[in-house]
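Novice: File name work08.pdb; file contents PDB, C-alpha atoms (C1' of nucleotides); full text below.
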ATOM      1  CA  MET A   1    -108.474 260.158 192.331
ATOM      2  CA  VAL A   2    -110.079 259.051 189.094
ATOM      3  CA  LEU A   3    -109.909 255.383 188.307
ATOM      4  CA  ARG A   4    -109.641 255.311 184.562
ATOM      5  CA  VAL A   5    -110.671 252.072 182.874
ATOM      6  CA  MET A   6    -108.436 250.925 180.058
ATOM      7  CA  ASP A   7    -110.216 251.238 176.725
ATOM      8  CA  ASP A   8    -109.980 248.067 174.663
ATOM      9  CA  ASP A   9    -110.612 249.834 171.426
ATOM     10  CA  LEU A  10    -107.716 252.254 171.830
ATOM     11  CA  VAL A  11    -105.354 249.362 172.495
ATOM     12  CA  PHE A  12    -106.349 247.342 169.441
ATOM     13  CA  LYS A  13    -106.432 250.372 167.166
ATOM     14  CA  ALA A  14    -102.991 251.327 168.413
ATOM     15  CA  LEU A  15    -101.618 247.869 167.655
ATOM     16  CA  ALA A  16    -103.095 247.868 164.146
ATOM     17  CA  ASP A  17    -100.263 249.938 162.667
ATOM     18  CA  PRO A  18     -96.886 248.345 161.807
ATOM     19  CA  THR A  19     -94.944 251.487 162.688
ATOM     20  CA  ARG A  20     -96.458 251.529 166.155
ATOM     21  CA  ARG A  21     -95.670 247.853 166.635
ATOM     22  CA  PHE A  22     -92.099 248.566 165.646
ATOM     23  CA  LEU A  23     -91.965 251.346 168.218
ATOM     24  CA  LEU A  24     -93.107 248.859 170.841
ATOM     25  CA  ASP A  25     -90.391 246.496 169.645
ATOM     26  CA  LEU A  26     -87.801 249.226 170.104
ATOM     27  CA  LEU A  27     -89.080 249.954 173.600
ATOM     28  CA  PHE A  28     -89.160 246.247 174.387
ATOM     29  CA  GLN A  29     -85.444 246.103 173.579
ATOM     30  CA  ARG A  30     -84.702 249.127 175.681
ATOM     31  CA  ASP A  31     -87.008 251.391 177.675
ATOM     32  CA  GLY A  32     -86.772 255.086 178.528
ATOM     33  CA  ARG A  33     -86.023 256.468 175.084
ATOM     34  CA  THR A  34     -86.700 259.967 173.827
ATOM     35  CA  LEU A  35     -88.624 260.928 170.721
ATOM     36  CA  LYS A  36     -85.363 261.890 169.014
ATOM     37  CA  ASP A  37     -83.941 258.484 169.761
ATOM     38  CA  LEU A  38     -86.979 256.601 168.445
ATOM     39  CA  GLU A  39     -87.292 258.852 165.432
ATOM     40  CA  SER A  40     -83.778 258.066 164.257
ATOM     41  CA  GLY A  41     -84.674 254.409 163.737
ATOM     42  CA  LEU A  42     -87.569 255.178 161.400
ATOM     43  CA  GLU A  43     -88.032 256.341 157.817
ATOM     44  CA  MET A  44     -90.517 258.991 158.792
ATOM     45  CA  THR A  45     -90.636 262.599 159.893
ATOM     46  CA  ARG A  46     -90.562 263.481 163.572
ATOM     47  CA  PHE A  47     -94.232 264.434 163.371
ATOM     48  CA  GLY A  48     -95.309 261.041 162.176
ATOM     49  CA  VAL A  49     -93.436 259.294 164.962
ATOM     50  CA  MET A  50     -94.817 261.731 167.523
ATOM     51  CA  LYS A  51     -98.356 261.060 166.365
ATOM     52  CA  HIS A  52     -97.820 257.307 166.674
ATOM     53  CA  LEU A  53     -96.367 257.677 170.148
ATOM     54  CA  LYS A  54     -99.375 259.710 171.174
ATOM     55  CA  VAL A  55    -101.692 256.937 170.008
ATOM     56  CA  LEU A  56     -99.670 254.373 171.946
ATOM     57  CA  GLU A  57     -99.709 256.556 175.036
ATOM     58  CA  GLU A  58    -103.467 257.080 174.881
ATOM     59  CA  ALA A  59    -103.833 253.322 174.701
ATOM     60  CA  SER A  60    -101.639 252.919 177.799
ATOM     61  CA  LEU A  61     -99.234 250.781 175.811
ATOM     62  CA  VAL A  62     -96.579 253.410 176.391
ATOM     63  CA  VAL A  63     -96.093 255.401 179.560
ATOM     64  CA  THR A  64     -94.023 258.588 179.640
ATOM     65  CA  ARG A  65     -92.037 260.603 182.113
ATOM     66  CA  ARG A  66     -90.689 264.103 181.607
ATOM     67  CA  SER A  67     -87.100 264.901 182.371
ATOM     68  CA  GLY A  68     -86.204 268.506 181.611
ATOM     69  CA  ARG A  69     -86.855 269.127 177.973
ATOM     70  CA  GLU A  70     -86.877 265.403 177.201
ATOM     71  CA  LYS A  71     -89.767 262.996 177.362
ATOM     72  CA  LEU A  72     -88.891 259.418 178.197
ATOM     73  CA  HIS A  73     -90.988 256.564 176.840
ATOM     74  CA  TYR A  74     -91.608 253.252 178.610
ATOM     75  CA  LEU A  75     -93.352 250.117 177.437
ATOM     76  CA  ASN A  76     -96.367 248.985 179.436
ATOM     77  CA  ALA A  77     -97.237 245.355 178.771
ATOM     78  CA  VAL A  78    -100.399 245.238 180.876
ATOM     79  CA  PRO A  79    -102.815 245.763 177.957
ATOM     80  CA  ILE A  80    -101.059 242.971 176.049
ATOM     81  CA  ARG A  81    -101.763 240.603 178.896
ATOM     82  CA  MET A  82    -105.414 241.548 178.803
ATOM     83  CA  ILE A  83    -105.661 240.649 175.117
ATOM     84  CA  HIS A  84    -104.160 237.278 175.864
ATOM     85  CA  ASP A  85    -106.524 236.595 178.741
ATOM     86  CA  ARG A  86    -109.588 237.523 176.703
ATOM     87  CA  TRP A  87    -109.428 234.643 174.262
ATOM     88  CA  ILE A  88    -107.125 232.148 175.883
ATOM     89  CA  ASP A  89    -108.863 230.034 178.438
ATOM     90  CA  LYS A  90    -106.568 229.387 181.382
ATOM     91  CA  TYR A  91    -108.233 226.101 182.239
ATOM     92  CA  THR A  92    -108.833 224.733 178.772
ATOM     93  CA  GLU A  93    -105.799 223.280 177.062
ATOM     94  CA  PRO A  94    -104.629 224.427 173.607
ATOM     95  CA  ARG A  95    -105.907 221.096 172.249
ATOM     96  CA  PHE A  96    -108.684 221.913 169.846
ATOM     97  CA  SER A  97    -108.210 225.137 167.887
ATOM     98  CA  ALA A  98    -104.555 224.622 167.077
ATOM     99  CA  VAL A  99    -105.297 221.169 165.735
ATOM    100  CA  LEU A 100    -107.961 222.560 163.457
ATOM    101  CA  ALA A 101    -105.582 225.187 162.182
ATOM    102  CA  LEU A 102    -103.003 222.595 161.303
ATOM    103  CA  LYS A 103    -105.638 220.479 159.627
ATOM    104  CA  ASP A 104    -106.596 223.457 157.516
ATOM    105  CA  GLU A 105    -102.989 224.038 156.588
ATOM    106  CA  LEU A 106    -102.518 220.440 155.519
ATOM    107  CA  GLY A 107    -105.807 220.517 153.634
ATOM    108  CA  SER A 108    -104.790 223.302 151.263
ATOM    109  CA  LYS A 109    -101.768 221.736 149.574
ATOM    110  CA  GLU A 110    -101.095 224.340 146.894
TER     111      GLU A 110
ATOM    112  CA  MET B   1     -96.657 221.252 151.068
ATOM    113  CA  VAL B   2     -96.350 224.990 151.462
ATOM    114  CA  LEU B   3     -95.513 226.215 154.913
ATOM    115  CA  ARG B   4     -97.334 229.492 155.117
ATOM    116  CA  VAL B   5     -96.026 231.940 157.685
ATOM    117  CA  MET B   6     -98.673 233.743 159.690
ATOM    118  CA  ASP B   7     -98.824 237.396 158.703
ATOM    119  CA  ASP B   8     -98.633 239.667 161.751
ATOM    120  CA  ASP B   9    -100.246 242.547 159.987
ATOM    121  CA  LEU B  10    -103.379 240.627 159.042
ATOM    122  CA  VAL B  11    -103.857 239.544 162.636
ATOM    123  CA  PHE B  12    -103.541 243.011 164.144
ATOM    124  CA  LYS B  13    -105.669 244.629 161.454
ATOM    125  CA  ALA B  14    -108.310 241.967 162.025
ATOM    126  CA  LEU B  15    -108.354 242.645 165.758
ATOM    127  CA  ALA B  16    -108.659 246.401 165.242
ATOM    128  CA  ASP B  17    -112.404 246.285 164.644
ATOM    129  CA  PRO B  18    -114.876 245.964 167.551
ATOM    130  CA  THR B  19    -117.326 243.884 165.526
ATOM    131  CA  ARG B  20    -114.626 241.351 164.722
ATOM    132  CA  ARG B  21    -113.578 241.180 168.367
ATOM    133  CA  PHE B  22    -117.191 240.538 169.283
ATOM    134  CA  LEU B  23    -117.318 237.722 166.741
ATOM    135  CA  LEU B  24    -114.258 236.198 168.405
ATOM    136  CA  ASP B  25    -116.020 236.569 171.755
ATOM    137  CA  LEU B  26    -119.021 234.681 170.392
ATOM    138  CA  LEU B  27    -116.793 231.924 169.058
ATOM    139  CA  PHE B  28    -114.893 231.832 172.338
ATOM    140  CA  GLN B  29    -118.193 231.108 174.097
ATOM    141  CA  ARG B  30    -119.103 228.407 171.611
ATOM    142  CA  ASP B  31    -117.295 227.188 168.515
ATOM    143  CA  GLY B  32    -118.594 225.751 165.260
ATOM    144  CA  ARG B  33    -121.218 228.342 164.462
ATOM    145  CA  THR B  34    -122.635 229.189 161.063
ATOM    146  CA  LEU B  35    -122.770 232.617 159.471
ATOM    147  CA  LYS B  36    -126.529 232.721 160.059
ATOM    148  CA  ASP B  37    -126.018 232.009 163.731
ATOM    149  CA  LEU B  38    -123.374 234.691 164.168
ATOM    150  CA  GLU B  39    -125.302 237.192 162.086
ATOM    151  CA  SER B  40    -128.360 236.968 164.359
ATOM    152  CA  GLY B  41    -126.371 238.372 167.280
ATOM    153  CA  LEU B  42    -125.327 241.516 165.430
ATOM    154  CA  GLU B  43    -126.949 244.749 164.294
ATOM    155  CA  MET B  44    -125.591 244.456 160.796
ATOM    156  CA  THR B  45    -126.468 242.936 157.465
ATOM    157  CA  ARG B  46    -125.291 239.469 156.566
ATOM    158  CA  PHE B  47    -122.808 240.974 154.142
ATOM    159  CA  GLY B  48    -121.089 243.004 156.791
ATOM    160  CA  VAL B  49    -120.706 240.006 159.075
ATOM    161  CA  MET B  50    -119.456 237.878 156.185
ATOM    162  CA  LYS B  51    -116.843 240.442 155.312
ATOM    163  CA  HIS B  52    -115.634 240.532 158.904
ATOM    164  CA  LEU B  53    -115.475 236.753 159.080
ATOM    165  CA  LYS B  54    -113.426 236.719 155.922
ATOM    166  CA  VAL B  55    -110.928 239.134 157.460
ATOM    167  CA  LEU B  56    -110.706 236.967 160.583
ATOM    168  CA  GLU B  57    -110.231 233.872 158.476
ATOM    169  CA  GLU B  58    -107.451 235.424 156.397
ATOM    170  CA  ALA B  59    -105.731 236.322 159.641
ATOM    171  CA  SER B  60    -106.021 232.702 160.828
ATOM    172  CA  LEU B  61    -107.952 233.866 163.866
ATOM    173  CA  VAL B  62    -110.902 231.867 162.611
ATOM    174  CA  VAL B  63    -110.746 228.507 160.909
ATOM    175  CA  THR B  64    -113.671 227.095 158.925
ATOM    176  CA  ARG B  65    -115.029 223.749 157.884
ATOM    177  CA  ARG B  66    -117.753 223.114 155.340
ATOM    178  CA  SER B  67    -120.659 220.869 156.154
ATOM    179  CA  GLY B  68    -123.174 220.626 153.366
ATOM    180  CA  ARG B  69    -124.425 224.087 152.613
ATOM    181  CA  GLU B  70    -123.250 225.361 155.971
ATOM    182  CA  LYS B  71    -119.866 226.766 156.905
ATOM    183  CA  LEU B  72    -118.790 226.215 160.472
ATOM    184  CA  HIS B  73    -116.508 228.717 162.166
ATOM    185  CA  TYR B  74    -113.914 227.897 164.822
ATOM    186  CA  LEU B  75    -111.734 230.153 166.946
ATOM    187  CA  ASN B  76    -107.998 229.727 166.581
ATOM    188  CA  ALA B  77    -106.118 231.239 169.504
ATOM    189  CA  VAL B  78    -102.618 230.621 168.181
ATOM    190  CA  PRO B  79    -102.118 234.159 166.776
ATOM    191  CA  ILE B  80    -103.237 235.605 170.109
ATOM    192  CA  ARG B  81    -100.505 233.679 171.857
ATOM    193  CA  MET B  82     -97.955 235.088 169.440
ATOM    194  CA  ILE B  83     -98.979 238.641 170.262
ATOM    195  CA  HIS B  84     -98.508 237.889 173.922
ATOM    196  CA  ASP B  85     -95.099 236.358 173.427
ATOM    197  CA  ARG B  86     -93.864 239.276 171.352
ATOM    198  CA  TRP B  87     -93.860 241.864 174.115
ATOM    199  CA  ILE B  88     -94.052 239.851 177.296
ATOM    200  CA  ASP B  89     -90.693 238.551 178.343
ATOM    201  CA  LYS B  90     -91.029 235.044 179.745
ATOM    202  CA  TYR B  91     -88.044 235.448 181.998
ATOM    203  CA  THR B  92     -88.526 239.011 183.145
ATOM    204  CA  GLU B  93     -91.179 239.521 185.781
ATOM    205  CA  PRO B  94     -94.036 242.034 185.371
ATOM    206  CA  ARG B  95     -92.259 244.254 187.910
ATOM    207  CA  PHE B  96     -91.272 247.394 186.075
ATOM    208  CA  SER B  97     -93.721 248.586 183.441
ATOM    209  CA  ALA B  98     -96.871 247.970 185.461
ATOM    210  CA  VAL B  99     -95.412 249.915 188.359
ATOM    211  CA  LEU B 100     -94.697 252.850 186.093
ATOM    212  CA  ALA B 101     -98.233 252.763 184.776
ATOM    213  CA  LEU B 102     -99.681 252.891 188.264
ATOM    214  CA  LYS B 103     -97.342 255.684 189.188
ATOM    215  CA  ASP B 104     -98.543 257.630 186.174
ATOM    216  CA  GLU B 105    -102.140 257.044 187.155
ATOM    217  CA  LEU B 106    -101.540 258.262 190.690
ATOM    218  CA  GLY B 107     -99.584 261.201 189.397
ATOM    219  CA  SER B 108    -102.436 262.671 187.361
ATOM    220  CA  LYS B 109    -104.927 263.380 190.138
ATOM    221  CA  GLU B 110    -107.529 265.307 188.132
TER     222      GLU B 110
ATOM    223  C1'  DA C   1    -138.647 219.441 140.118
ATOM    224  C1'  DC C   2    -139.320 223.014 143.044
ATOM    225  C1'  DC C   3    -138.481 226.504 146.365
ATOM    226  C1'  DA C   4    -136.507 227.984 150.644
ATOM    227  C1'  DT C   5    -132.172 228.351 152.752
ATOM    228  C1'  DA C   6    -127.021 229.148 153.417
ATOM    229  C1'  DG C   7    -123.399 231.253 151.546
ATOM    230  C1'  DG C   8    -120.715 234.257 148.058
ATOM    231  C1'  DT C   9    -119.025 238.367 144.732
ATOM    232  C1'  DG C  10    -118.010 243.016 142.791
ATOM    233  C1'  DA C  11    -119.085 247.703 142.907
ATOM    234  C1'  DC C  12    -120.157 251.629 145.352
ATOM    235  C1'  DT C  13    -120.337 255.411 149.340
ATOM    236  C1'  DA C  14    -119.088 257.302 153.717
ATOM    237  C1'  DA C  15    -115.990 257.488 157.317
ATOM    238  C1'  DT C  16    -111.456 256.893 159.291
ATOM    239  C1'  DT C  17    -106.568 257.222 159.430
ATOM    240  C1'  DA C  18    -101.400 257.846 158.067
ATOM    241  C1'  DG C  19     -98.240 261.168 157.017
ATOM    242  C1'  DT C  20     -96.584 265.889 156.154
ATOM    243  C1'  DC C  21     -95.904 270.873 156.792
ATOM    244  C1'  DA C  22     -95.790 275.645 158.717
ATOM    245  C1'  DC C  23     -95.468 277.356 162.889
ATOM    246  C1'  DC C  24     -95.235 277.532 168.223
ATOM    247  C1'  DT C  25     -93.363 276.581 173.292
ATOM    248  C1'  DG C  26     -90.180 275.285 176.789
ATOM    249  C1'  DT C  27     -85.292 274.032 178.299
ATOM    250  C1'  DC C  28     -80.389 274.104 178.455
ATOM    251  C1'  DA C  29     -75.611 275.891 177.852
ATOM    252  C1'  DA C  30     -72.126 279.370 176.479
TER     253       DA C  30
ATOM    254  C1'  DT D   1     -79.769 286.515 176.532
ATOM    255  C1'  DT D   2     -79.223 284.339 172.567
ATOM    256  C1'  DG D   3     -79.177 280.320 169.821
ATOM    257  C1'  DA D   4     -79.584 275.488 169.424
ATOM    258  C1'  DC D   5     -82.268 271.685 170.763
ATOM    259  C1'  DA D   6     -86.388 268.707 172.272
ATOM    260  C1'  DG D   7     -90.967 268.556 171.930
ATOM    261  C1'  DG D   8     -95.887 270.085 170.526
ATOM    262  C1'  DT D   9    -100.302 271.765 167.656
ATOM    263  C1'  DG D  10    -103.837 272.395 163.940
ATOM    264  C1'  DA D  11    -104.774 271.978 159.235
ATOM    265  C1'  DC D  12    -104.420 269.603 155.159
ATOM    266  C1'  DT D  13    -104.070 265.485 151.524
ATOM    267  C1'  DA D  14    -103.938 260.729 150.199
ATOM    268  C1'  DA D  15    -104.987 256.211 151.223
ATOM    269  C1'  DT D  16    -107.580 252.703 153.623
ATOM    270  C1'  DT D  17    -111.624 250.564 155.438
ATOM    271  C1'  DA D  18    -116.621 249.631 157.150
ATOM    272  C1'  DG D  19    -120.982 248.788 155.569
ATOM    273  C1'  DT D  20    -124.581 248.174 152.045
ATOM    274  C1'  DC D  21    -126.851 246.551 147.812
ATOM    275  C1'  DA D  22    -128.052 244.028 143.499
ATOM    276  C1'  DC D  23    -127.230 239.862 141.953
ATOM    277  C1'  DC D  24    -125.312 234.943 141.798
ATOM    278  C1'  DT D  25    -124.356 229.691 143.210
ATOM    279  C1'  DA D  26    -124.963 225.492 145.806
ATOM    280  C1'  DT D  27    -127.502 222.441 148.997
ATOM    281  C1'  DG D  28    -131.416 220.073 151.150
ATOM    282  C1'  DG D  29    -136.264 218.908 152.046
ATOM    283  C1'  DT D  30    -140.802 217.730 150.292
TER     284       DT D  30
END
Please rewrite the model in this file as structure tokens.
Specialist:
Amino acid sequence: MVLRVMDDDLVFKALADPTRRFLLDLLFQRDGRTLKDLESGLEMTRFGVMKHLKVLEEASLVVTRRSGREKLHYLNAVPIRMIHDRWIDKYTEPRFSAVLALKDELGSKE
Amino acid sequence: MVLRVMDDDLVFKALADPTRRFLLDLLFQRDGRTLKDLESGLEMTRFGVMKHLKVLEEASLVVTRRSGREKLHYLNAVPIRMIHDRWIDKYTEPRFSAVLALKDELGSKE
DNA sequence: ACCATAGGTGACTAATTAGTCACCTGTCAA
DNA sequence: TTGACAGGTGACTAATTAGTCACCTATGGT
């Protein structure tokens, strides 16, 4: 068995597109959808949606299962957790950065 | 005072580049660095680094403060939290999706 | 006052990526 | 076994983006 390491770059690149994020939103609402199902909610050809799903699948953000002539799509949140853990220190409180951000916001009073 | 809503798209686009993620890593290690400081850790001209920092700043992932002729850069983790919260259900346990992912991994025994 | 230093801008090139289309494969039901 | 349906591929175009360069502004030390 090959232990495949999750590629950071694929995950972030996959999340960079609004259509793909919307697809994740749809799958977050309800899992196990087919391409046809997902396609119907978008202003795009089937091919575009299929390409986006492929990108999500290669990033492990979506996991699929075949069932006859249908392909069912499931959301996998594991990579999302990894993003979170990369820059959010479990032991350090949210004290500093957020305060700075607010300060910045208050500073620019357009 | 204008309450500016954080733009999702800017955040995800900003995170899509490996150089920018590395910059966030550097700032995660130690905050309050100057452009010169950050530049020295990268194989890229000053202009490239500056452009990346600008993208991070516009996405609110980095917050800056001027000090004389220097510009200090701080990490802001708030947008990262928002990504997490978007697709990770606080009340639902990690049970299902992760299991599917593992199953998929075991299934493809190349 | 001078010069070195830190940061900034607009224009340009090369590379990447979104979206579409013509065409193909596999599955199910009458 | 035929036709409708679900999914898939490779090639192409248009748009976006990374990285560099010439040139500019502001600050601080001596």
Novice: Which residues are close to Val49 of chain A, i.e. within 10 Å by all atoms listed in the file, leaving aside same-chain residues fewer than 2 positions away? Reply as a PyMOL selection string.
Specialist: (chain A and resi 19-20+23+35-36+38-40+42-47+51-55) or (chain C and resi 19)
Novice: List the neighbours of segment 10-26 of chain D out to 8 Å using only C-alpha atoms (C1' of nucleotides); skip same-chain residues closer than 6 positions along the sequence, and give me the result as an NGL selection string.
Specialist: (:B and (45 or 47-48 or 69)) or (:C and (8-9 or 15-18))
Novice: So how far away is atom CA of Val63 of chain A from atom CA of Asn76 of chain A, in Å?
Specialist: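 Going from atom CA of Asn76 of chain A over to atom CA of Val63 of chain A, I get 6.4 Å.
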Novice: When you count only C-alpha atoms, which of these residues is closest to Leu56 of chain A: A:Arg30, A:Arg86, A:Arg81, A:Lys13?
Specialist: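 Of A:Arg30, A:Arg86, A:Arg81, A:Lys13, the one nearest Leu56 of chain A is A:Lys13, counting only C-alpha atoms.
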Novice: Skip DA4 of chain C itself and residues of its chain fewer than 5 positions away, then list as a PDB file with C-alpha atoms (C1' of nucleotides), in the frame of the given file all residues within 12 Å of it, counting all atoms listed in the file.
Specialist:
ATOM      1  C1'  DT D  27    -127.502 222.441 148.997  1.00  0.00           C
ATOM      2  C1'  DG D  28    -131.416 220.073 151.150  1.00  0.00           C
ATOM      3  C1'  DG D  29    -136.264 218.908 152.046  1.00  0.00           C
ATOM      4  C1'  DT D  30    -140.802 217.730 150.292  1.00  0.00           C
TER       5       DT D  30
END
Novice: Could the residues of chain D within 9 Å of chain A, counting only C-alpha atoms (C1' of nucleotides), be given as a PDB file with C-alpha atoms (C1' of nucleotides), in the coordinates of the input, please?
Specialist:
ATOM      1  C1'  DC D   5     -82.268 271.685 170.763  1.00  0.00           C
ATOM      2  C1'  DA D   6     -86.388 268.707 172.272  1.00  0.00           C
ATOM      3  C1'  DG D   7     -90.967 268.556 171.930  1.00  0.00           C
ATOM      4  C1'  DG D   8     -95.887 270.085 170.526  1.00  0.00           C
TER       5       DG D   8
END
Novice: Record the distance separating atom CA of Leu75 of chain B and atom CA of Asp8 of chain A, expressed in Å with one decimal.
Specialist: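 For atom CA of Leu75 of chain B relative to atom CA of Asp8 of chain A, the distance reads 19.6 Å.
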Novice: Determine the nearest neighbour of chain C from the options B:Leu15, B:Ile80, B:Leu72, B:Leu26, counting all atoms listed in the file.
Specialist: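 Using all atoms listed in the file, chain C sits closest to B:Leu72.
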Novice: Quick one: apply the PyMOL selection byres ((chain C and resi 23) around 10) to the file and drop the selected residues here as a ChimeraX atom specification.
Specialist: /C:21-22,24 /D:9-10
Novice: May I ask you to extract the residues of chain C within 10 Å of chain B, using all atoms listed in the file, and to give them as a VMD selection string?
Specialist: chain C and resid 5 to 8
Novice: How far is it from atom CA of Val78 of chain A to atom CA of Asp17 of chain A, in Å with one decimal?
Specialist: 18.8 Å
Novice: With all atoms listed in the file as the atoms that count, which of B:His73, B:Leu61, B:Met82, B:Arg66 lies nearest to Leu10 of chain B?
Specialist: B:Leu61
Novice: Between A:Ala16, A:Asp89, A:Met6, A:Leu27, which has the minimum distance to chain B (counting all atoms listed in the file)?
Specialist: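 Smallest distance to chain B is found for A:Ala16.
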Novice: Can you tell me which residues surround DA29 of chain C at a distance of at most 12 Å, considering all atoms listed in the file, apart from same-chain residues fewer than 2 positions away, and format the answer as a list of chain:residue names?
Specialist: C:DT27, D:DT1, D:DT2, D:DG3, D:DA4, D:DC5
Novice: With all atoms listed in the file as the atoms that count, which of B:His84, B:Glu58, B:Arg21, B:Asp31 lies nearest to chain A?
Specialist: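 Closest residue, counting all atoms listed in the file: B:His84.
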Novice: Rank nothing, just name the residue among A:Gly32, A:Asp9, A:Phe22, A:Asp37 nearest to chain B, using all atoms listed in the file.
Specialist: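 Distance minimum relative to chain B lands on A:Asp9.
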